[in-house]
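K.L.:
Just dropping this structure here.
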Amino acid sequence: MTKQSVAGVRRLGPFTILFAGALFVLAPYGWSLYASFVPNDLDLGHLDTGIFGLRNYSTLLTDPNTGRWLLNSVIVTGCVVIANVILNSAAGYALARLRFPGRSVVRTIIIIAMVVPPQVLFVPLYIQVVQLGWLNTYAGLIVPFLVNPFGVFLMCQFMVSIPREIEEAAVVDGVGHIRLFFQIAAPLSWPAASAQAIILFVWNWNTFAFPSVLATSGEMYTLPVGLFQLTHSTFTNSVALSMAGVILTTIPTLIVYGVFQRRFMESLAGATKG
Amino acid sequence: MILLAAFTLYPLGRAVIYSFQDFSPLNPGDATWAGISQYVAALSDGVFIRSALNTALLVAICVPIQTALAVILAVLLNGRLRFRAVFRAIYFIPYITAPVAVGAIMVYLFGPKGMVTTFLHSVLGTPDAPWYATTPYAFFLIAFIIVWAQVGFFSVIFLSGLQAIPAEIREAAMLDGAGFWRQLLSVTLPMLRPTLVLVLVIGTIVTLQIFDQPYLLSSTGGAIPGSPADSTMTLVMYVYTEAFRYGHLGQSAAAALLIVGLVVLFSGAQALIQRRTPKPS
């Protein structure tokens, strides 16, 4: 064998493995996409593209329940992500730059909140939401998740890395902290904030455990909770319909991920390095 | 000045209040205060013990497999390769898919007359029955889904670790005549050690807290979560079902705090190991 062909095999080997792996990863999606276009479950057993149709999707999208779930997911995820970006940045800025009494206490609290697994909050959070009368309301699904300790921590780390000189120049010009934050710190930390927004979007869009507890009536379900009910209640007779639901739930995250892929990867790698 | 301080402090104050509010019902004196009886109740509950064992087994199975696969993937993805970005993107998709969606797909693939069920039945002779309702296959199915969903995520972390290895080191090894495998074993893996520790710890913590996948799969068709016969019950599922299915709020909270203890223990172990690991300079 010539040297070139050895190199060729070297390069082809990894490619083949990766390709096979990619097929393995994509196959379930392929199947679910296929099933979502088949109007009748009975036809799922044999391949016949002639029967493809959008009936499952139109059924889901015109159904008042699913439409409502989609709307709920958009409202809840939207509010949570926007609020998180603003509040995490502001809190991160305060922690990074301001000297105020109790700063180290606040810092400790944030680190504790990061370490504690969220599932611990199932019971206390549920009780609290019930006491506030927020069960099955948007407030209950949104307010507890407005600030993310992890987000505050990351923003704080990023703000610390902004050169102080930039701000000092502004301070000399007589600029106060509010303007400092909005005109200097916030724009400079935009890369970190937007990357965080993407992660938070994916997490919140997909989250199941908490909404399933905090939204108990059908009209307040988010898409994942609704999908869970859909796959359960119609289990025996509509595989195709719930696969259409799967695709509908997955598409938004795929779009966000596709558009912001590069930044998403960077921020994840950065975030996990801590 | 006061106004300014108040304004920047305000969001922070909210953050603090929320973090306090979330914790407050767990504090002594509140609804959950009943001495250690709740802990005793949880610890002496056979289901709790079973869920702890299941979770430990999941960690023992999933973490080594997904870490090994992730390293392999990352090394392959780090080479000069066509469509590298495409592959990386594809491997990451399961991680950003809602666990509910993944669960729904898998339920049908591994369900009665499901494609995978039928295929494996004819090839490997596994039972021609829904995997999620058959012991011990339900457990393996969940382990499989966890690995399937997380490998891409961890390989991205490894990839960033690989790219942090200075090219000079690799070139030096190459000049010394080190082949691919030699490089991998003597240069790449030792340099990856900090990343490896990180991935092992994150993987362990995430798997310790696993909830969505086993909950969704085991309760398919209205079955009791953890079925068949508690073989897929995990610790967090125990916390969830005790509270919201059986109404044992105190016992659930006690179990939850026991999990915190476990996770803190692991985080502490990580900090220790990382301190001992010599930083590559």
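Residues are referred to by chain and number: the chain letter is A, B, ... according to the order shown in the structure tokens, the number counts from 1 in that chain, and ligands are numbered separately from 1 in the order shown.
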Could you find all residues in range 51-178 of chain B that DSSP calls helix (DSSP H, G or I) from the backbone, and write them as an MDAnalysis selection string?
P.N.:
chainID B and resid 51:78 84:96 99:109 115:124 131:133 137:163 167:175
K.L.:
Write out as a list of chain:residue names each polymer residue whose atoms come within 8 Å of Thr249 in chain A, counting only C-alpha atoms; drop sequence neighbours fewer than 2 positions from it.
P.N.:
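The contact residues come out as A:Leu223, A:Pro224, A:Gly245, A:Val246, A:Ile247, A:Ile251, A:Pro252, A:Thr253, B:Ala98, B:Ala101.
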K.L.:
From the options B:Ile157, B:Ile72, B:Leu208, B:Cys62, which residue's atoms come nearest to chain A, counting only C-alpha atoms?
P.N.:
B:Ile157
K.L.:
For Val156 in chain B, which residue out of A:Pro211, A:Tyr138, A:Arg262, A:Leu61 is the nearest one, using only C-alpha atoms?
P.N.:
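Looking at the shortest contact to Val156 in chain B, the residue is A:Arg262.
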K.L.:
Extract, using only C-alpha atoms, all DNA, RNA and protein residues at most 12 Å from Pro64 in chain A, discarding same-chain residues fewer than 6 positions from it, and format them as number ranges by chain.
P.N.:
A: 58, 70-71, 218-219
K.L.:
May I have the residues within 7 Å of range 180-197 of chain B as a list of chain:residue names, using only C-alpha atoms and disregarding those fewer than 5 positions away in the same chain?
P.N.:
B:Phe158, B:Gly161, B:Leu162, B:Ile165, B:Ala173
K.L.:
For a quick check of understanding, using only C-alpha atoms, which of A:Ile142, A:Leu180, A:Leu227, A:Ala244 has the smallest distance to Phe210 in chain A?
P.N.:
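Once distances to Phe210 in chain A are computed over only C-alpha atoms, the minimum belongs to A:Ile142.
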K.L.:
Please determine, counting only C-alpha atoms, which residue among A:Leu87, A:Leu230, A:Leu33, A:Val76 has the shortest atom-to-atom distance to chain B.
P.N.:
A:Leu87
K.L.:
For chain A, which residue out of B:Ile210, B:Ile145, B:Ile96, B:Leu258 is the nearest one, using only C-alpha atoms?
P.N.:
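Closest candidate: B:Ile96.
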K.L.:
Write out as a PyMOL selection string which residues come within 12 Å of range 64-70 of chain B when counting only C-alpha atoms, dropping same-chain ones fewer than 3 positions away.
P.N.:
(chain A and resi 17-18+21) or (chain B and resi 57-61+73-78+88+91-92+143-159+161-162+189+195-204+207)
